[in-house]
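Colleague: This is the content of run.txt (compact mmCIF, C-alpha atoms):
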# COMPACT_ATOMS: atom_id res chain seq x y z
CA MET A 1 37.89 -35.47 36.81
CA LYS A 2 36.01 -35.71 40.13
CA ASN A 3 32.95 -37.12 38.39
CA THR A 4 33.11 -40.16 36.16
CA LEU A 5 32.77 -39.77 32.42
CA ASP A 6 29.59 -41.84 32.49
CA SER A 7 28.15 -39.61 35.21
CA LEU A 8 28.82 -36.42 33.22
CA LYS A 9 27.35 -37.97 30.07
CA ASN A 10 24.23 -39.00 31.98
CA ILE A 11 23.79 -35.49 33.42
CA SER A 12 24.23 -33.84 30.02
CA ARG A 13 21.68 -36.25 28.49
CA ASN A 14 19.18 -35.26 31.20
CA VAL A 15 19.98 -31.58 30.59
CA ARG A 16 19.13 -32.02 26.90
CA LYS A 17 15.88 -33.79 27.75
CA ASP A 18 14.95 -31.04 30.21
CA LEU A 19 15.57 -28.19 27.80
CA LEU A 20 13.63 -29.87 25.01
CA THR A 21 10.74 -30.54 27.38
CA MET A 22 10.58 -26.95 28.62
CA THR A 23 10.79 -25.35 25.17
CA THR A 24 8.10 -27.65 23.79
CA ALA A 25 5.87 -26.84 26.77
CA ALA A 26 6.43 -23.12 26.14
CA GLU A 27 6.00 -23.52 22.37
CA SER A 28 8.85 -21.01 22.18
CA GLY A 29 12.56 -20.74 22.81
CA HIS A 30 15.92 -21.86 21.46
CA VAL A 31 16.92 -25.48 20.99
CA ALA A 32 19.92 -26.12 18.72
CA GLY A 33 22.51 -23.96 20.48
CA PRO A 34 21.58 -25.13 24.00
CA MET A 35 21.77 -28.77 22.84
CA GLY A 36 25.25 -28.20 21.45
CA ILE A 37 26.71 -26.46 24.51
CA ALA A 38 25.10 -28.86 27.02
CA ASP A 39 28.31 -30.87 27.56
CA VAL A 40 30.38 -27.77 28.33
CA MET A 41 27.68 -26.44 30.65
CA THR A 42 27.46 -29.77 32.46
CA TYR A 43 31.21 -29.82 32.96
CA LEU A 44 31.24 -26.22 34.19
CA PHE A 45 28.58 -26.68 36.86
CA PHE A 46 29.33 -30.24 37.96
CA GLU A 47 33.11 -30.37 37.61
CA GLU A 48 34.90 -27.06 37.08
CA MET A 49 33.25 -24.27 39.04
CA ASN A 50 32.94 -23.62 42.73
CA PHE A 51 29.25 -22.80 42.44
CA ASN A 52 27.80 -23.75 45.79
CA LYS A 53 24.92 -22.73 47.98
CA VAL A 54 25.52 -20.74 51.15
CA PRO A 55 26.03 -23.11 54.11
CA GLU A 56 22.70 -22.11 55.63
CA TYR A 57 20.17 -21.07 52.99
CA PHE A 58 17.59 -20.41 55.70
CA ASP A 59 18.59 -18.18 58.62
CA GLU A 60 16.14 -18.19 61.54
CA GLY A 61 13.32 -19.07 59.17
CA VAL A 62 13.99 -16.14 56.81
CA GLN A 63 14.95 -17.03 53.26
CA ARG A 64 18.02 -15.19 52.00
CA ASN A 65 17.89 -13.21 48.77
CA SER A 66 20.60 -15.46 47.34
CA LEU A 67 21.23 -19.18 47.63
CA LEU A 68 24.79 -18.74 46.36
CA ASP A 69 27.98 -18.63 48.38
CA PRO A 70 29.60 -15.17 48.04
CA SER A 71 32.97 -16.82 47.40
CA ARG A 72 31.61 -18.80 44.44
CA ASP A 73 32.95 -18.63 40.92
CA ARG A 74 30.89 -16.36 38.66
CA PHE A 75 29.07 -17.49 35.52
CA VAL A 76 27.73 -15.27 32.73
CA LEU A 77 25.66 -16.55 29.82
CA SER A 78 26.35 -13.76 27.35
CA ALA A 79 24.43 -15.65 24.65
CA ALA A 80 21.38 -15.12 26.84
CA HIS A 81 18.90 -16.68 24.40
CA MET A 82 20.49 -20.06 25.18
CA VAL A 83 19.10 -19.84 28.72
CA PRO A 84 17.12 -23.12 28.53
CA VAL A 85 20.42 -24.98 28.94
CA LEU A 86 21.28 -22.90 32.02
CA TYR A 87 17.88 -23.56 33.60
CA SER A 88 18.24 -27.26 32.81
CA VAL A 89 21.68 -27.47 34.41
CA LEU A 90 20.36 -25.67 37.50
CA ILE A 91 17.42 -28.10 37.60
CA GLU A 92 19.79 -31.07 37.49
CA LYS A 93 21.93 -29.41 40.17
CA GLY A 94 18.87 -29.01 42.39
CA TYR A 95 18.82 -25.19 42.42
CA ILE A 96 15.56 -24.98 40.45
CA ASP A 97 12.67 -27.28 41.32
CA LYS A 98 11.86 -29.65 38.47
CA SER A 99 8.20 -28.68 38.74
CA GLU A 100 9.18 -25.37 37.07
CA ILE A 101 10.04 -27.16 33.82
CA ASN A 102 6.65 -26.32 32.28
CA ASN A 103 6.82 -22.64 33.20
CA LEU A 104 9.44 -21.40 30.73
CA ARG A 105 8.45 -18.00 29.30
CA SER A 106 5.23 -17.96 31.31
CA PHE A 107 3.97 -14.69 32.78
CA GLY A 108 5.37 -14.28 36.29
CA SER A 109 7.69 -17.29 35.97
CA LYS A 110 11.28 -17.21 37.23
CA LEU A 111 12.24 -18.91 33.97
CA GLN A 112 12.21 -16.06 31.48
CA GLY A 113 13.09 -16.35 27.80
CA HIS A 114 16.46 -14.67 28.33
CA THR A 115 18.53 -14.57 31.49
CA ALA A 116 16.98 -12.47 34.26
CA ILE A 117 19.06 -12.08 37.41
CA ASP A 118 17.65 -14.15 40.26
CA LEU A 119 20.17 -15.38 42.81
CA THR A 120 17.50 -17.48 44.51
CA ILE A 121 17.70 -19.89 41.57
CA GLY A 122 21.37 -19.33 40.67
CA VAL A 123 21.07 -16.95 37.69
CA GLU A 124 23.82 -14.33 38.00
CA THR A 125 23.00 -11.78 35.32
CA THR A 126 20.34 -10.29 33.07
CA GLY A 127 20.88 -10.55 29.32
CA GLY A 128 19.19 -9.81 26.04
CA SER A 129 21.14 -7.93 23.40
CA LEU A 130 24.11 -9.94 22.25
CA GLY A 131 27.53 -8.69 23.30
CA GLN A 132 26.43 -7.42 26.72
CA GLY A 133 27.43 -10.34 28.90
CA VAL A 134 31.11 -10.24 27.98
CA GLY A 135 31.40 -6.79 29.58
CA ILE A 136 29.70 -8.01 32.75
CA ALA A 137 32.13 -10.92 32.93
CA LEU A 138 35.07 -8.52 32.58
CA GLY A 139 33.64 -6.50 35.47
CA PHE A 140 33.43 -9.58 37.69
CA ALA A 141 37.00 -10.60 36.85
CA LYS A 142 38.47 -7.11 37.26
CA SER A 143 36.63 -6.66 40.56
CA ALA A 144 38.17 -9.89 41.87
CA LYS A 145 41.61 -8.54 41.01
CA ILE A 146 40.94 -5.16 42.68
CA PHE A 147 39.60 -6.66 45.90
CA ASN A 148 41.97 -9.67 46.02
CA LYS A 149 39.21 -12.25 45.70
CA ASN A 150 39.97 -15.79 44.59
CA TYR A 151 36.88 -16.52 42.53
CA ARG A 152 37.14 -17.14 38.79
CA THR A 153 34.71 -15.92 36.12
CA TYR A 154 33.38 -17.98 33.22
CA CYS A 155 31.43 -16.59 30.28
CA VAL A 156 29.73 -18.43 27.40
CA LEU A 157 29.29 -16.45 24.18
CA GLY A 158 28.21 -17.40 20.68
CA ASP A 159 29.99 -17.32 17.36
CA GLY A 160 27.13 -15.29 15.83
CA GLU A 161 27.36 -13.03 18.87
CA SER A 162 30.97 -12.36 17.92
CA ASN A 163 29.68 -10.16 15.11
CA GLU A 164 29.17 -7.54 17.83
CA GLY A 165 31.91 -4.96 18.26
CA SER A 166 31.57 -5.05 22.05
CA VAL A 167 33.05 -8.57 21.99
CA TRP A 168 36.28 -7.21 20.55
CA GLU A 169 36.33 -4.29 23.00
CA ALA A 170 36.15 -6.97 25.69
CA ALA A 171 39.05 -8.81 24.07
CA MET A 172 41.22 -5.66 24.36
CA PHE A 173 40.19 -5.00 27.97
CA GLY A 174 40.83 -8.55 29.15
CA SER A 175 44.29 -8.59 27.65
CA LYS A 176 45.27 -5.12 28.91
CA TYR A 177 44.42 -6.00 32.50
CA ALA A 178 45.89 -9.53 32.32
CA LEU A 179 42.68 -11.12 33.61
CA ASP A 180 43.98 -14.65 34.08
CA ASN A 181 41.00 -15.33 36.37
CA LEU A 182 38.68 -15.09 33.35
CA VAL A 183 37.68 -17.80 30.87
CA PHE A 184 35.51 -17.18 27.83
CA ILE A 185 33.92 -20.19 26.15
CA LEU A 186 33.06 -19.46 22.53
CA ASP A 187 30.31 -21.82 21.35
CA LYS A 188 31.38 -22.29 17.73
CA ASN A 189 28.37 -24.11 16.34
CA ASN A 190 28.42 -22.34 12.95
CA ILE A 191 24.73 -21.38 12.94
CA GLN A 192 22.66 -18.34 13.81
CA LEU A 193 19.05 -17.33 13.43
CA SER A 194 18.67 -17.13 9.66
CA ASN A 195 21.62 -19.03 8.19
CA PHE A 196 25.07 -20.48 8.76
CA THR A 197 27.50 -18.02 10.35
CA GLU A 198 29.85 -18.10 7.37
CA ASN A 199 27.03 -16.76 5.19
CA ILE A 200 26.10 -13.97 7.62
CA MET A 201 29.45 -12.60 8.78
CA PRO A 202 32.47 -14.92 8.48
CA MET A 203 34.67 -14.84 11.60
CA ASP A 204 37.37 -17.37 10.70
CA PRO A 205 40.19 -17.67 11.48
CA VAL A 206 38.61 -16.87 14.86
CA SER A 207 41.41 -18.51 16.89
CA ASP A 208 44.01 -16.29 15.22
CA LYS A 209 41.90 -13.22 15.97
CA TRP A 210 41.80 -13.96 19.69
CA LYS A 211 45.51 -14.79 19.75
CA SER A 212 46.24 -11.43 18.14
CA PHE A 213 44.37 -9.77 21.02
CA GLY A 214 46.72 -11.45 23.50
CA TRP A 215 44.50 -14.24 24.82
CA ASN A 216 45.44 -17.82 25.59
CA VAL A 217 43.45 -19.71 22.95
CA ILE A 218 42.44 -23.35 23.33
CA GLU A 219 40.45 -25.01 20.54
CA ILE A 220 38.55 -28.22 21.27
CA ASP A 221 35.74 -30.55 20.36
CA GLY A 222 33.10 -29.07 22.66
CA ASN A 223 31.19 -32.34 22.82
CA ASN A 224 34.15 -34.40 24.09
CA PHE A 225 34.49 -34.42 27.87
CA ASP A 226 38.18 -35.37 27.85
CA GLU A 227 39.01 -32.38 25.65
CA ILE A 228 36.77 -30.13 27.77
CA ASP A 229 38.58 -31.30 30.91
CA ASN A 230 42.01 -30.64 29.43
CA ALA A 231 40.95 -27.21 28.17
CA PHE A 232 39.84 -25.96 31.58
CA SER A 233 43.03 -27.32 33.17
CA ASN A 234 45.04 -25.40 30.58
CA ALA A 235 43.10 -22.21 31.32
CA LYS A 236 43.61 -22.57 35.06
CA ASP A 237 47.35 -23.10 34.61
CA THR A 238 47.74 -20.03 32.35
CA LYS A 239 48.98 -16.93 34.15
CA GLY A 240 49.19 -13.32 33.00
CA LYS A 241 46.50 -13.43 30.32
CA PRO A 242 42.83 -14.41 29.97
CA SER A 243 41.85 -17.64 28.24
CA ILE A 244 39.25 -18.43 25.62
CA ILE A 245 38.13 -21.94 24.82
CA ILE A 246 36.92 -22.25 21.23
CA ALA A 247 34.40 -25.07 21.67
CA ASN A 248 33.47 -26.59 18.32
CA THR A 249 30.02 -27.96 19.04
CA ILE A 250 27.28 -29.68 17.06
CA PRO A 251 24.07 -27.66 17.29
CA GLY A 252 21.22 -29.98 18.24
CA LYS A 253 23.73 -32.57 19.50
CA GLY A 254 22.06 -35.89 20.31
CA VAL A 255 18.99 -35.59 18.09
CA SER A 256 19.72 -36.43 14.46
CA PHE A 257 17.00 -34.35 12.84
CA ILE A 258 18.12 -31.20 14.69
CA GLU A 259 21.89 -31.55 14.33
CA ASN A 260 23.72 -28.96 12.16
CA ASN A 261 20.46 -27.43 10.88
CA TYR A 262 20.20 -23.67 11.44
CA VAL A 263 16.41 -23.86 11.08
CA TRP A 264 16.32 -25.19 14.66
CA HIS A 265 18.19 -22.19 16.08
CA GLY A 266 14.96 -20.58 17.26
CA LYS A 267 12.42 -23.30 16.53
CA VAL A 268 10.99 -25.77 19.05
CA LEU A 269 9.79 -29.34 18.77
CA ASN A 270 6.12 -30.25 18.72
CA THR A 271 4.84 -32.99 21.03
CA GLU A 272 5.45 -35.86 18.62
CA GLU A 273 8.93 -34.60 17.71
CA LEU A 274 9.73 -34.32 21.42
CA LYS A 275 8.79 -37.97 21.98
CA GLU A 276 11.03 -38.99 19.08
CA ALA A 277 13.90 -36.86 20.42
CA ILE A 278 13.64 -38.31 23.93
CA ILE A 279 13.73 -41.85 22.54
CA GLU A 280 16.84 -40.99 20.54
CA LEU A 281 18.57 -39.39 23.53
CA ASP A 282 17.76 -42.37 25.74
CA LYS A 283 19.49 -44.67 23.26
Output the structure of this file as structure tokens.

Modeller:
Amino acid sequence: MKNTLDSLKNISRNVRKDLLTMTTAAESGHVAGPMGIADVMTYLFFEEMNFNKVPEYFDEGVQRNSLLDPSRDRFVLSAAHMVPVLYSVLIEKGYIDKSEINNLRSFGSKLQGHTAIDLTIGVETTGGSLGQGVGIALGFAKSAKIFNKNYRTYCVLGDGESNEGSVWEAAMFGSKYALDNLVFILDKNNIQLSNFTENIMPMDPVSDKWKSFGWNVIEIDGNNFDEIDNAFSNAKDTKGKPSIIIANTIPGKGVSFIENNYVWHGKVLNTEELKEAIIELDK
């Protein structure tokens, strides 16, 4: 790893604090899923991806309509409701000013409640209905193959999202066109809005399902940076087929009263709970 383990852990802790702060300020948003996937997101943006600004963001005093290098790797948050973790990573990366942290879901804010494409802050795609982002990611990856581009595409989707048929259409497409420049990360946190996933629509054995569709499947502890590091190395070394990393994560990771409780899927902390959570994260 280019970054030290301690450095990545410190960034992911700050990401969790940011996303809790912004959702509490908004009195709305999603908490548990973003907390669980924060380690993977930190690794993606600070270790794995080429996700850089253009060399000169300002050209003769005129701001460009994108701060991102055209040769960058592409990122799609298909589970678009988990966008607080994306904003928080981009804040820690310096692409979004930290002063925006209190503007989540505000009228006219760049920080909408689901992803809304805005390349001036590093958000690649617009999302809402589950199962849409996987198709966009396939388009990015296939386009790179057609036009002989070297960028890779990464897409985070949810286990509840995998109830959508479009996810399995994507699985067929990725395998047919041997998109080895594509990596899906399945956030397997076992919760969704109203219950545990196994009580809504059981998907296990999910690894076997993806293998049967011809994907390179890597299953890991999604809150362990060493396993995350090895998984992305495996994906990069795999040729002739797309990869999916099944990241077993703890929803609400880092705050004991949120962890593994589906009630916090779409519920936010009040001011006192936020103070308690920050203290726990700082420990």

Colleague: Excluding same-chain residues fewer than 3 positions from Met41 in chain A, what lies within 9 Å of it counting all atoms listed in the file, as a list in words?

Modeller: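 My list of contacting residues is Ser12, Ile37, Ala38, Leu44, Phe45, Phe46, Val85, Leu86, Val89 and Val156 of chain A.
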
Colleague: Next, the residues of the selection above should be written as a PDB file, keeping the file's coordinate frame with C-alpha atoms.

Modeller:
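Listed below is the output, part-v5.pdb:
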ATOM      1  CA  SER A  12      24.230 -33.840  30.020  1.00  0.00           C
ATOM      2  CA  ILE A  37      26.710 -26.460  24.510  1.00  0.00           C
ATOM      3  CA  ALA A  38      25.100 -28.860  27.020  1.00  0.00           C
ATOM      4  CA  LEU A  44      31.240 -26.220  34.190  1.00  0.00           C
ATOM      5  CA  PHE A  45      28.580 -26.680  36.860  1.00  0.00           C
ATOM      6  CA  PHE A  46      29.330 -30.240  37.960  1.00  0.00           C
ATOM      7  CA  VAL A  85      20.420 -24.980  28.940  1.00  0.00           C
ATOM      8  CA  LEU A  86      21.280 -22.900  32.020  1.00  0.00           C
ATOM      9  CA  VAL A  89      21.680 -27.470  34.410  1.00  0.00           C
ATOM     10  CA  VAL A 156      29.730 -18.430  27.400  1.00  0.00           C
TER      11      VAL A 156
END

Colleague: Of the candidates A:Glu27, A:Gly240, A:Arg13, A:Met1, which shows the shortest atom-to-atom distance to Asn270 in chain A, using all atoms listed in the file?

Modeller: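 Result for the nearest residue to Asn270 in chain A: A:Glu27.
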
Colleague: Rank nothing, just name the residue among A:Asn216, A:Gly133, A:Thr21, A:Ser194 nearest to Glu273 in chain A, using only C-alpha atoms.

Modeller: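 The shortest atom-to-atom distance to Glu273 in chain A comes from A:Thr21.
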
Colleague: Find the spatial neighbours of Thr4 in chain A, counting all atoms listed in the file, within a cut-off of 12 Å - ignore same-chain residues fewer than 3 positions away - and output them as a PyMOL selection string.

Modeller: chain A and resi 1+7-11+43+46-47+225-226+229

Colleague: Using all atoms listed in the file, which of the listed residues (A:Ser175, A:Ser99, A:Thr23, A:Asn248) sits closest to Ser207 in chain A?

Modeller: A:Asn248

Colleague: Using all atoms listed in the file, pick whichever of A:Gly139, A:Lys176, A:Gly252, A:Ser162 has the shortest atom-to-atom distance to Val268 in chain A.

Modeller: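 Checking each candidate against Val268 in chain A, we get A:Gly252 as the closest.
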
Colleague: Could you jot down the CA of Ser212 in chain A to CA of Asn234 in chain A separation for me, Å, one decimal place?

Modeller: 18.7 Å

Colleague: Which of these, A:Val183, A:Val206, A:Leu111, A:Val54, has the shortest distance to Phe232 in chain A once you count all atoms listed in the file?

Modeller: A:Val183

Colleague: Between CA of Ile244 in chain A and CA of Met203 in chain A, what is the distance in Å, rounded to a tenth?

Modeller: 15.2 Å

Colleague: What is the distance between CA of Tyr154 in chain A and CA of Val31 in chain A, in Å to one decimal?

Modeller: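 These atoms are spaced 21.8 Å apart.
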
Colleague: For Ala79 in chain A, which residue among A:Ile191, A:Leu157, A:Ala178, A:Ile185 is the nearest when counting all atoms listed in the file?

Modeller: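 Looking only at the distances to Ala79 in chain A, the closest residue turns out to be A:Leu157.
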